[in-house]
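**Student:** Supplied in structure tokens, the structure appears directly below.
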Amino acid sequence: MAQYVSLDTLRFLLYDVHKVEKLLQYERFRDFDRNAFDMLLDSAKTWADQDFYPYLREMDEQPAYFKDGKVHTHPIVKKLFKEAGANGWLGMYFDTEDGGIQLPMTITNSVFHILEAANNHLPGYLGLTSGSAHLIASFGSDDLKKTYIPNMLSGKWAGTMALTEPQSGSSLSDITTTATPVSEGTYSIRGQKIFISGGDHEGVDNFIHLTLARIDGAPSGTKGISLFVVPQYRVQDDGQLVYNHVKAVADFQKMGQRGYSTVHLVYGEEDASYGYLIGEANQGLKHMFQMMNGARIDVGLSAASIATAAYYASLQYARERPQGRKLQNKGKKEATNEQTLIINHPDVRRMLLLQKAVVEGALSLLLECSLHVDIAGSDQSETGINSKLLSEILTPVAKTYPAEMGRIAVNNGLQVLGGYGFCTDFVLQQYARDIRIMAIYEGTTGIQSLDLLGRKIPMENGRALRLLSAQIMETISSASNHENLAPYANVLGKHLPRVQQALEYLFPFALQGDHEDYLADATIFMDLTSNIIIAHQWLKMALAAENALQSGDSTYTEDFYRSKVHTMKFYFKYELPKTSASLETLLNKDKLTITDTYNDSIF
Amino acid sequence: MNILVCISKTPDTTSKISFKSDNTEYNSDGVTFIMNPYDEWYALVRALEITEQNGGSVTVINVGPATNDIIIRKALAIGAADAVRVDTEAMDSYVVAANIAAHAKSKNYDMIFLGKETIDYNGSEVGAMVAEIMDLPYASYVSRLDISGSTATITRELEGGEEVSQIDGAFVLSAAKGLAEQRIANMKGIMMAKSKPLTVVQPVQADARVSAVKYAVPPPKSGVKLVDPDNMDELVRLLHEEAKVI
């Protein structure tokens, strides 16, 4: 079986770079140890080898489709839910009282990294079911918990998030799905939802759609949105299931992730679709954000994982494909010499190193972000409060960087294969299509950038950014003590103030209430910030590797540790300098994308 | 029905193999170790299936240092009830077999299972030695096992066919592919593994009888040679003289 993930790199990031074992000090995680974490990762890899990777190509070639009123998916989906339920994969991070084992999110996401890298068409089915059930566990009544959570965690029923409507995508304040009161906590839901991932396939007996709708008479905008459980089949008082008149009317055919169903739902068209309020009325978006924040990390993880699989696929090809002769320093190629493997050509090595730098940098950030989520949920002291802020500021970056740079990494992987990369005989073209959605799912790159610059940077008077900067400075200080790393620490120290330079230029616009000027180039600000954050991740990885080399740690080979230091140097030479261009654009006073009124004359 | 399953620790199948100490020792730097797949996938799982159907329990035994506890816990996570570790280095097959037999003699196990070989040294020796020391019947390379009362019906794959035989009473079995299907340690099993008993016992007197003189890795694969389709003589020559397949 071809390599699609590196457990060594995953373990190095978990234990050596991010010190995940520090979580064991908390009551919530006291039943775990490193051995248990390793066994879980090992089990996930075995499961991925057996039931995920072998179906990657088939699910692309035989996509989900809608016929005769039903959504049809690959048969493995049914087996997946059965196994996931039987073996406890759906409730990993849930409280024990809700049927889980309280696994840290950091390890849960590590498990999902393995599964996503093996076959990105499948884990979403599980992730959405877990996420929906967790939302019910967090905000639902005892009755709702009792009715839905056991059936969802056992894999009998699946869950979805139903937010988007035909006229309301990024702007959820404009949703029009209505909820009319029927009885205490029960509403009649009418409307349509589109792009519902993982919906209405044949793999389970029932679907639980976590649906945003507006209760009759509710305020306009996001303050009038409530959250409902809307089952495909509702449970009667006698325990019988009856059809709830929420049905799929189409499955969207997509360029990638074709095995992952994406349905169009219609509620209450023929008869009443009952929905059950979760949490408080008009607080639906706030509740949903718990799931959406997790889902944003999941999307970043999916992107990083696809790019990881693409990296190993192109690496394997580069190690086997002879083509051309190696350039000699004396300036001429000997045509009579045997051809060299393409991995020996500098430009191919550059493309491979770019992929490695992106995928491992992204994965490192995602694990750090997950670690902050774990600490924030377990530590009541200032440490926990700081981790909450850090998880909030890092989440839009952890979603966007892997999605945007992962796409570029995969394209470089495809390029390594030359013409074969464009052919369906090789998997790279599939990865290039599969990863494209990641910059769109769960808030586009534009939305994430507005979230970063418009909400996360200013929150609590910039405290999250100060905490992040302090952490980066701490790493710079530690790295400065290593002769090999000091020059790179110094370089990052020079790039870090560029974020502040950009903000000093932008903040006056916000203070004047000129939000369009403040936010117009939020995506460029995202580029600048994420570049520095990933550089920080690489300096941390290099630091951990240098420490291991100096102490003679033989957990991994010397080559493994040296490869981390080498890739850090690559990142600092080829990627980090791009902060200059980002800053120059941000400081440029020309207003080229802003208009006072509707004006398309320049197009 | 109580079954003893012998498990070994081996390098992961994807590990890069190298040697040290003048090519007399395996270099374990940077290597991830796993439970020997023949022990785990076939011997252990079939033992669990038998006890699930007939009652009884599965005990796993390993001969090795405390660093081997990681694979012992995996066996417990997959379903073994308890474990024994003989606290000594597995210097050679005889040391391992002598210690397993010493433990098993006092316990009255109905069956003793182990993989047909380890994937590192490929010795296929321990099972036969345990059977000999304990004076028990030995069935090697078993691909199917059916139990009916005290009789075991055993199928072994032979070149071009198979052999079916029966054994009454206790026996030692080495497991081959097909005996069972690999099981994945699930959440509940992993969480319970830590609380299952793992007894560490001291080794019996047994001196190693084999020492490695030298290890060597296979020569690297040579590159692909392209032969002009019009030059069949050259192709035949290469296949005869270099590949030596005709």
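Every chain in the structure tokens takes a letter, A first, then B, and so on in the order presented; its residues are numbered from 1, and the ligands are numbered from 1 following the presented order.
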For a quick test of understanding: name the residues of chain A lying within 8 Å of chain B when counting only C-alpha atoms, and present them as a list in words.

**Tutor:**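 Here they are: Asp31, Phe32, Asn35, Ala36, Met39, Leu40, Ser43, Thr46, Trp47, Asn87, Gly88, Trp89, Met92, Ile101, Ser554, Thr555, Tyr556, Thr557 and Glu558 of chain A.
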
**Student:** Generate a file of the selected residues that holds N, CA, C and O atoms, formatted as a short mmCIF file (atom, residue, chain, number, x, y, z; two decimals), in the first residue's frame.

**Tutor:**
```cif
data_model
loop_
_atom_site.label_atom_id
_atom_site.label_comp_id
_atom_site.auth_asym_id
_atom_site.auth_seq_id
_atom_site.Cartn_x
_atom_site.Cartn_y
_atom_site.Cartn_z
N ASP A 31 -7.44 9.44 32.67
CA ASP A 31 -7.44 8.00 32.37
C ASP A 31 -6.54 7.63 31.19
O ASP A 31 -6.43 6.46 30.85
N PHE A 32 -5.95 8.62 30.55
CA PHE A 32 -5.12 8.34 29.38
C PHE A 32 -3.64 8.34 29.74
O PHE A 32 -3.23 8.84 30.77
N ASN A 35 0.71 5.69 25.91
CA ASN A 35 0.50 4.38 25.31
C ASN A 35 -0.91 4.28 24.72
O ASN A 35 -1.13 3.76 23.62
N ALA A 36 -1.90 4.80 25.46
CA ALA A 36 -3.29 4.76 24.98
C ALA A 36 -3.42 5.63 23.72
O ALA A 36 -4.09 5.23 22.75
N MET A 39 -1.92 3.76 20.84
CA MET A 39 -2.77 2.65 20.38
C MET A 39 -3.93 3.16 19.54
O MET A 39 -4.31 2.54 18.55
N LEU A 40 -4.48 4.30 19.94
CA LEU A 40 -5.58 4.88 19.16
C LEU A 40 -5.11 5.27 17.75
O LEU A 40 -5.80 5.01 16.76
N SER A 43 -4.65 2.10 15.83
CA SER A 43 -5.94 1.54 15.40
C SER A 43 -6.52 2.33 14.24
O SER A 43 -7.08 1.76 13.30
N THR A 46 -4.76 1.36 11.08
CA THR A 46 -5.20 0.05 10.59
C THR A 46 -6.57 0.16 9.93
O THR A 46 -6.80 -0.41 8.85
N TRP A 47 -7.47 0.88 10.58
CA TRP A 47 -8.82 1.07 10.02
C TRP A 47 -8.74 1.82 8.68
O TRP A 47 -9.40 1.46 7.72
N ASN A 87 -17.17 0.47 17.36
CA ASN A 87 -15.84 0.61 17.95
C ASN A 87 -15.61 1.93 18.68
O ASN A 87 -14.49 2.21 19.11
N GLY A 88 -16.65 2.75 18.78
CA GLY A 88 -16.53 3.96 19.60
C GLY A 88 -15.92 5.16 18.93
O GLY A 88 -15.60 6.15 19.59
N TRP A 89 -15.75 5.14 17.61
CA TRP A 89 -15.08 6.26 16.94
C TRP A 89 -15.94 7.52 16.90
O TRP A 89 -15.44 8.62 16.71
N MET A 92 -15.63 9.80 20.50
CA MET A 92 -14.30 9.85 21.12
C MET A 92 -14.15 10.97 22.14
O MET A 92 -13.67 10.76 23.24
N ILE A 101 -15.40 8.86 25.61
CA ILE A 101 -14.26 8.49 26.47
C ILE A 101 -13.41 9.72 26.83
O ILE A 101 -12.34 9.60 27.37
N SER A 554 17.02 8.82 20.22
CA SER A 554 16.94 7.94 19.05
C SER A 554 15.52 7.47 18.77
O SER A 554 15.32 6.44 18.13
N THR A 555 14.53 8.24 19.27
CA THR A 555 13.13 7.87 18.97
C THR A 555 12.93 7.82 17.46
O THR A 555 12.26 6.93 16.94
N TYR A 556 13.50 8.79 16.78
CA TYR A 556 13.47 8.80 15.32
C TYR A 556 14.91 8.85 14.83
O TYR A 556 15.83 9.11 15.60
N THR A 557 15.08 8.64 13.53
CA THR A 557 16.45 8.63 13.00
C THR A 557 17.01 10.05 12.93
O THR A 557 16.26 11.03 12.91
N GLU A 558 18.33 10.13 12.83
CA GLU A 558 18.96 11.45 12.66
C GLU A 558 18.47 12.11 11.38
O GLU A 558 18.27 13.32 11.34
#
```

**Student:** Can you list, as a count of residues only, every protein, DNA or RNA residue that comes within 8 Å of Ile532 of chain A when you count only C-alpha atoms, leaving out same-chain residues fewer than 2 positions away?

**Tutor:** 11

**Student:** Which residue out of A:Lys388, A:Arg350, A:Arg296, A:Lys286 has the minimum interatomic distance to Gly127 of chain A when only C-alpha atoms are used?

**Tutor:** A:Arg296

**Student:** Which one is closest to Arg436 of chain A: A:Ala486, A:Val359, A:Ala307, A:Leu587? Count only C-alpha atoms.

**Tutor:**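 Between A:Ala486, A:Val359, A:Ala307, A:Leu587, the residue approaching Arg436 of chain A most closely is A:Ala307.
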
**Student:** Give me, as a list in words, all polymer residues having an atom no more than 10 Å from Ala66 of chain B, counting only C-alpha atoms and skipping those fewer than 6 positions away in the same chain.

**Tutor:**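 Listed by chain and then number, they are Ile72, Arg85, Val86, Asp87, Thr88, Glu89 and Val200 of chain B.
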
**Student:** Write the residues of the selection above to a file with C-alpha atoms, as a PDB file, in the first residue's frame.

**Tutor:**
```pdb
ATOM      1  CA  ILE B  72       1.305  -6.359  25.569  1.00  0.00           C
ATOM      2  CA  ARG B  85       5.849 -10.840  30.760  1.00  0.00           C
ATOM      3  CA  VAL B  86       9.022 -12.790  31.432  1.00  0.00           C
ATOM      4  CA  ASP B  87      11.504 -10.117  32.328  1.00  0.00           C
ATOM      5  CA  THR B  88      14.539 -11.016  30.256  1.00  0.00           C
ATOM      6  CA  GLU B  89      15.976 -10.265  26.837  1.00  0.00           C
ATOM      7  CA  VAL B 200       5.948  -9.736  35.449  1.00  0.00           C
TER       8      VAL B 200
END
```

**Student:** Just the residues within 12 Å of Arg455 of chain A, please, counting only C-alpha atoms, with nothing from its chain fewer than 5 positions along; format it as an MDAnalysis selection string.

**Tutor:** chainID A and resid 389 392:393 395:396 447:450 460:465 510 515 518:519 522

**Student:** If you keep all heavy atoms, can you produce a file of those selected residues as a short mmCIF file (atom, residue, chain, number, x, y, z; two decimals), in the first residue's frame?

**Tutor:**
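The file below, part.cif, is the result:
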```cif
data_model
loop_
_atom_site.label_atom_id
_atom_site.label_comp_id
_atom_site.auth_asym_id
_atom_site.auth_seq_id
_atom_site.Cartn_x
_atom_site.Cartn_y
_atom_site.Cartn_z
N LEU A 389 -8.44 32.24 24.15
CA LEU A 389 -8.19 33.36 23.23
C LEU A 389 -7.30 32.92 22.07
O LEU A 389 -7.52 33.29 20.91
CB LEU A 389 -7.52 34.52 23.98
CG LEU A 389 -8.45 35.39 24.82
CD1 LEU A 389 -7.64 36.32 25.70
CD2 LEU A 389 -9.38 36.20 23.93
N GLU A 392 -9.14 30.94 19.55
CA GLU A 392 -10.02 31.78 18.73
C GLU A 392 -9.26 32.52 17.64
O GLU A 392 -9.71 32.60 16.50
CB GLU A 392 -10.78 32.77 19.62
CG GLU A 392 -11.84 32.06 20.46
CD GLU A 392 -12.80 33.03 21.12
OE1 GLU A 392 -12.97 34.14 20.59
OE2 GLU A 392 -13.37 32.66 22.15
N ILE A 393 -8.09 33.04 17.99
CA ILE A 393 -7.34 33.79 16.97
C ILE A 393 -6.70 32.85 15.95
O ILE A 393 -6.55 33.20 14.77
CB ILE A 393 -6.30 34.74 17.61
CG1 ILE A 393 -5.85 35.78 16.56
CG2 ILE A 393 -5.12 34.00 18.18
CD1 ILE A 393 -5.02 36.89 17.13
N THR A 395 -7.95 29.84 14.98
CA THR A 395 -8.88 29.02 14.20
C THR A 395 -9.05 29.50 12.75
O THR A 395 -8.96 28.67 11.83
CB THR A 395 -10.25 28.91 14.91
OG1 THR A 395 -10.06 28.16 16.11
CG2 THR A 395 -11.28 28.19 14.05
N PRO A 396 -9.30 30.79 12.49
CA PRO A 396 -9.43 31.17 11.07
C PRO A 396 -8.17 30.91 10.26
O PRO A 396 -8.24 30.60 9.06
CB PRO A 396 -9.77 32.67 11.12
CG PRO A 396 -9.46 33.11 12.50
CD PRO A 396 -9.56 31.92 13.38
N ILE A 447 -14.38 35.12 4.23
CA ILE A 447 -15.09 35.20 5.52
C ILE A 447 -14.11 34.99 6.68
O ILE A 447 -14.15 35.69 7.69
CB ILE A 447 -16.20 34.14 5.58
CG1 ILE A 447 -17.26 34.39 4.50
CG2 ILE A 447 -16.83 34.05 6.97
CD1 ILE A 447 -18.17 35.56 4.76
N GLN A 448 -13.23 34.00 6.53
CA GLN A 448 -12.23 33.73 7.59
C GLN A 448 -11.34 34.95 7.81
O GLN A 448 -10.95 35.26 8.94
CB GLN A 448 -11.37 32.52 7.23
CG GLN A 448 -12.13 31.21 7.02
CD GLN A 448 -12.93 30.79 8.22
OE1 GLN A 448 -12.52 31.02 9.37
NE2 GLN A 448 -14.08 30.20 7.99
N SER A 449 -10.99 35.62 6.71
CA SER A 449 -10.09 36.77 6.82
C SER A 449 -10.80 37.93 7.51
O SER A 449 -10.19 38.65 8.32
CB SER A 449 -9.62 37.18 5.42
OG SER A 449 -9.01 36.09 4.78
N LEU A 450 -12.10 38.10 7.20
CA LEU A 450 -12.88 39.13 7.92
C LEU A 450 -12.96 38.78 9.40
O LEU A 450 -12.88 39.66 10.27
CB LEU A 450 -14.30 39.21 7.33
CG LEU A 450 -14.43 39.74 5.90
CD1 LEU A 450 -15.89 39.66 5.44
CD2 LEU A 450 -13.94 41.18 5.80
N GLU A 460 -11.01 41.85 22.94
CA GLU A 460 -10.36 42.16 24.22
C GLU A 460 -9.15 43.08 24.01
O GLU A 460 -8.06 42.83 24.54
CB GLU A 460 -9.95 40.88 24.96
CG GLU A 460 -11.14 40.03 25.35
CD GLU A 460 -10.82 39.00 26.39
OE1 GLU A 460 -9.81 39.15 27.10
OE2 GLU A 460 -11.60 38.03 26.51
N ASN A 461 -9.37 44.10 23.19
CA ASN A 461 -8.32 45.11 22.92
C ASN A 461 -7.01 44.48 22.44
O ASN A 461 -5.92 44.90 22.84
CB ASN A 461 -8.05 45.95 24.17
CG ASN A 461 -9.23 46.83 24.51
OD1 ASN A 461 -9.85 47.42 23.60
ND2 ASN A 461 -9.58 46.87 25.78
N GLY A 462 -7.15 43.48 21.60
CA GLY A 462 -5.95 42.90 20.97
C GLY A 462 -5.20 41.92 21.84
O GLY A 462 -4.05 41.57 21.55
N ARG A 463 -5.84 41.41 22.90
CA ARG A 463 -5.12 40.54 23.84
C ARG A 463 -4.66 39.24 23.20
O ARG A 463 -3.57 38.74 23.49
CB ARG A 463 -6.02 40.27 25.05
CG ARG A 463 -5.29 39.56 26.14
CD ARG A 463 -5.82 39.81 27.52
NE ARG A 463 -5.24 38.78 28.37
CZ ARG A 463 -5.87 37.71 28.77
NH1 ARG A 463 -7.12 37.53 28.45
NH2 ARG A 463 -5.26 36.81 29.53
N ALA A 464 -5.51 38.68 22.32
CA ALA A 464 -5.14 37.40 21.71
C ALA A 464 -3.88 37.56 20.86
O ALA A 464 -2.98 36.71 20.90
CB ALA A 464 -6.29 36.89 20.84
N LEU A 465 -3.81 38.66 20.12
CA LEU A 465 -2.63 38.89 19.29
C LEU A 465 -1.39 39.10 20.16
O LEU A 465 -0.30 38.62 19.84
CB LEU A 465 -2.86 40.10 18.37
CG LEU A 465 -1.71 40.42 17.42
CD1 LEU A 465 -1.45 39.26 16.46
CD2 LEU A 465 -2.00 41.70 16.63
N ALA A 510 -10.63 51.73 11.14
CA ALA A 510 -11.66 51.12 12.00
C ALA A 510 -12.12 52.13 13.05
O ALA A 510 -13.32 52.24 13.33
CB ALA A 510 -11.11 49.87 12.67
N HIS A 515 -15.22 50.89 8.03
CA HIS A 515 -14.95 49.45 8.09
C HIS A 515 -14.59 48.84 6.75
O HIS A 515 -13.87 47.85 6.68
CB HIS A 515 -16.14 48.73 8.72
CG HIS A 515 -16.37 49.13 10.14
ND1 HIS A 515 -15.48 48.82 11.13
CD2 HIS A 515 -17.34 49.86 10.72
CE1 HIS A 515 -15.90 49.33 12.28
NE2 HIS A 515 -17.03 49.97 12.05
N TYR A 518 -11.00 49.39 6.32
CA TYR A 518 -10.28 48.55 7.29
C TYR A 518 -10.19 47.10 6.81
O TYR A 518 -9.15 46.46 6.92
CB TYR A 518 -11.00 48.63 8.65
CG TYR A 518 -10.41 47.74 9.72
CD1 TYR A 518 -9.08 47.84 10.10
CD2 TYR A 518 -11.21 46.79 10.37
CE1 TYR A 518 -8.55 47.02 11.08
CE2 TYR A 518 -10.68 45.97 11.36
CZ TYR A 518 -9.35 46.08 11.71
OH TYR A 518 -8.81 45.27 12.68
N LEU A 519 -11.30 46.62 6.23
CA LEU A 519 -11.39 45.18 5.96
C LEU A 519 -11.19 44.80 4.49
O LEU A 519 -11.18 43.60 4.16
CB LEU A 519 -12.75 44.64 6.42
CG LEU A 519 -12.98 44.70 7.93
CD1 LEU A 519 -14.44 44.38 8.26
CD2 LEU A 519 -12.06 43.73 8.66
N ALA A 522 -8.53 42.26 3.90
CA ALA A 522 -8.41 41.30 5.01
C ALA A 522 -7.73 40.01 4.56
O ALA A 522 -6.98 39.40 5.32
CB ALA A 522 -9.79 41.00 5.59
#
```

**Student:** Can you pull out the residues contacting Ala357 of chain A? Cut-off 6 Å, using only C-alpha atoms, and skip same-chain residues under 4 positions away; I want them as an NGL selection string.

**Tutor:** :A and (353 or 361 or 567)

**Student:** Create the file for the chosen residues now, containing all heavy atoms and written as a PDB file, in the first residue's frame.

**Tutor:**
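Saved as selection-v2.pdb:
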```
ATOM      1  N   LEU A 353       9.842  19.967  -1.402  1.00  0.00           N
ATOM      2  CA  LEU A 353      10.071  20.645  -0.121  1.00  0.00           C
ATOM      3  C   LEU A 353       8.958  21.649   0.182  1.00  0.00           C
ATOM      4  O   LEU A 353       8.570  21.821   1.348  1.00  0.00           O
ATOM      5  CB  LEU A 353      11.435  21.348  -0.138  1.00  0.00           C
ATOM      6  CG  LEU A 353      12.603  20.428   0.201  1.00  0.00           C
ATOM      7  CD1 LEU A 353      13.935  21.057  -0.218  1.00  0.00           C
ATOM      8  CD2 LEU A 353      12.619  20.106   1.698  1.00  0.00           C
ATOM      9  N   GLY A 361       3.773  22.108   8.297  1.00  0.00           N
ATOM     10  CA  GLY A 361       3.525  23.385   8.985  1.00  0.00           C
ATOM     11  C   GLY A 361       2.052  23.527   9.326  1.00  0.00           C
ATOM     12  O   GLY A 361       1.677  23.938  10.434  1.00  0.00           O
ATOM     13  N   THR A 567      13.783  21.574   6.363  1.00  0.00           N
ATOM     14  CA  THR A 567      12.532  22.122   5.826  1.00  0.00           C
ATOM     15  C   THR A 567      12.232  23.484   6.442  1.00  0.00           C
ATOM     16  O   THR A 567      11.673  24.370   5.776  1.00  0.00           O
ATOM     17  CB  THR A 567      11.364  21.139   6.070  1.00  0.00           C
ATOM     18  OG1 THR A 567      11.772  19.837   5.656  1.00  0.00           O
ATOM     19  CG2 THR A 567      10.139  21.539   5.276  1.00  0.00           C
TER      20      THR A 567
END
```

**Student:** Pick out the residues sitting within 10 Å of Phe507 of chain A, and hand them over as a compact mmCIF listing (two decimals) with all heavy atoms, in the first residue's frame; count only C-alpha atoms, and ignore anything fewer than 5 positions along from it in its own chain.

**Tutor:**
```
# COMPACT_ATOMS: atom_id res chain seq x y z
N LEU A 453 -9.38 39.62 10.98
CA LEU A 453 -9.06 41.04 11.12
C LEU A 453 -10.19 41.82 11.80
O LEU A 453 -9.92 42.75 12.56
CB LEU A 453 -8.77 41.64 9.72
CG LEU A 453 -8.32 43.10 9.68
CD1 LEU A 453 -7.05 43.31 10.51
CD2 LEU A 453 -8.09 43.55 8.24
N PRO A 458 -9.20 42.47 17.05
CA PRO A 458 -9.58 43.51 18.02
C PRO A 458 -10.14 42.98 19.35
O PRO A 458 -10.22 43.75 20.30
CB PRO A 458 -10.70 44.29 17.29
CG PRO A 458 -10.83 43.73 15.93
CD PRO A 458 -10.14 42.41 15.92
N ALA A 502 1.17 46.63 9.80
CA ALA A 502 -0.06 46.62 9.00
C ALA A 502 -1.22 47.14 9.83
O ALA A 502 -2.03 47.95 9.36
CB ALA A 502 -0.35 45.21 8.50
N GLN A 512 -12.25 55.25 12.81
CA GLN A 512 -13.11 56.27 12.19
C GLN A 512 -14.44 55.68 11.73
O GLN A 512 -15.27 56.39 11.15
CB GLN A 512 -12.40 56.86 10.96
CG GLN A 512 -11.19 57.71 11.30
CD GLN A 512 -10.25 57.84 10.10
OE1 GLN A 512 -10.67 57.70 8.96
NE2 GLN A 512 -8.98 58.10 10.37
N GLY A 513 -14.64 54.40 11.94
CA GLY A 513 -15.87 53.76 11.49
C GLY A 513 -15.86 53.41 10.01
O GLY A 513 -16.89 53.05 9.44
N ASP A 514 -14.70 53.52 9.40
CA ASP A 514 -14.59 53.22 7.96
C ASP A 514 -14.22 51.74 7.81
O ASP A 514 -13.08 51.38 7.53
CB ASP A 514 -13.51 54.12 7.35
CG ASP A 514 -13.49 54.01 5.85
OD1 ASP A 514 -14.21 53.14 5.30
OD2 ASP A 514 -12.74 54.77 5.22
N HIS A 515 -15.22 50.89 8.03
CA HIS A 515 -14.95 49.45 8.09
C HIS A 515 -14.59 48.84 6.75
O HIS A 515 -13.87 47.85 6.68
CB HIS A 515 -16.14 48.73 8.72
CG HIS A 515 -16.37 49.13 10.14
ND1 HIS A 515 -15.48 48.82 11.13
CD2 HIS A 515 -17.34 49.86 10.72
CE1 HIS A 515 -15.90 49.33 12.28
NE2 HIS A 515 -17.03 49.97 12.05
N ASP A 517 -12.77 50.24 4.37
CA ASP A 517 -11.33 50.47 4.18
C ASP A 517 -10.51 49.55 5.09
O ASP A 517 -9.46 49.04 4.71
CB ASP A 517 -10.98 51.93 4.48
CG ASP A 517 -11.12 52.81 3.25
OD1 ASP A 517 -10.72 52.35 2.17
OD2 ASP A 517 -11.68 53.91 3.37
N TYR A 518 -11.00 49.39 6.32
CA TYR A 518 -10.28 48.55 7.29
C TYR A 518 -10.19 47.10 6.81
O TYR A 518 -9.15 46.46 6.92
CB TYR A 518 -11.00 48.63 8.65
CG TYR A 518 -10.41 47.74 9.72
CD1 TYR A 518 -9.08 47.84 10.10
CD2 TYR A 518 -11.21 46.79 10.37
CE1 TYR A 518 -8.55 47.02 11.08
CE2 TYR A 518 -10.68 45.97 11.36
CZ TYR A 518 -9.35 46.08 11.71
OH TYR A 518 -8.81 45.27 12.68
N LEU A 519 -11.30 46.62 6.23
CA LEU A 519 -11.39 45.18 5.96
C LEU A 519 -11.19 44.80 4.49
O LEU A 519 -11.18 43.60 4.16
CB LEU A 519 -12.75 44.64 6.42
CG LEU A 519 -12.98 44.70 7.93
CD1 LEU A 519 -14.44 44.38 8.26
CD2 LEU A 519 -12.06 43.73 8.66
```

**Student:** Taking the chain letters and numbering used in this document, name the residues of segment 152-342 of chain A that DSSP puts in helix (DSSP H, G or I), as an MDAnalysis selection string.

**Tutor:** chainID A and resid 152:153 172:174 221:224 284:320 342

**Student:** List the spatial neighbours of segment 41-57 of chain B as JSON, numbers by chain - criterion: any atom at most 9 Å away, only C-alpha atoms, same-chain residues fewer than 4 positions off excluded.

**Tutor:** {"B": [1, 2, 3, 4, 5, 6, 7, 36, 37, 75, 78, 79, 80, 81, 82, 111, 113, 114, 115, 116, 143, 145, 146, 147, 173, 174, 175, 176, 177, 178, 179, 180, 181, 182, 183]}

**Student:** May I ask for the distance between atom CA of Leu90 of chain A and atom CA of Leu153 of chain A, given in Å to one decimal place?

**Tutor:**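 We find that atom CA of Leu90 of chain A and atom CA of Leu153 of chain A lie 5.2 Å from each other.
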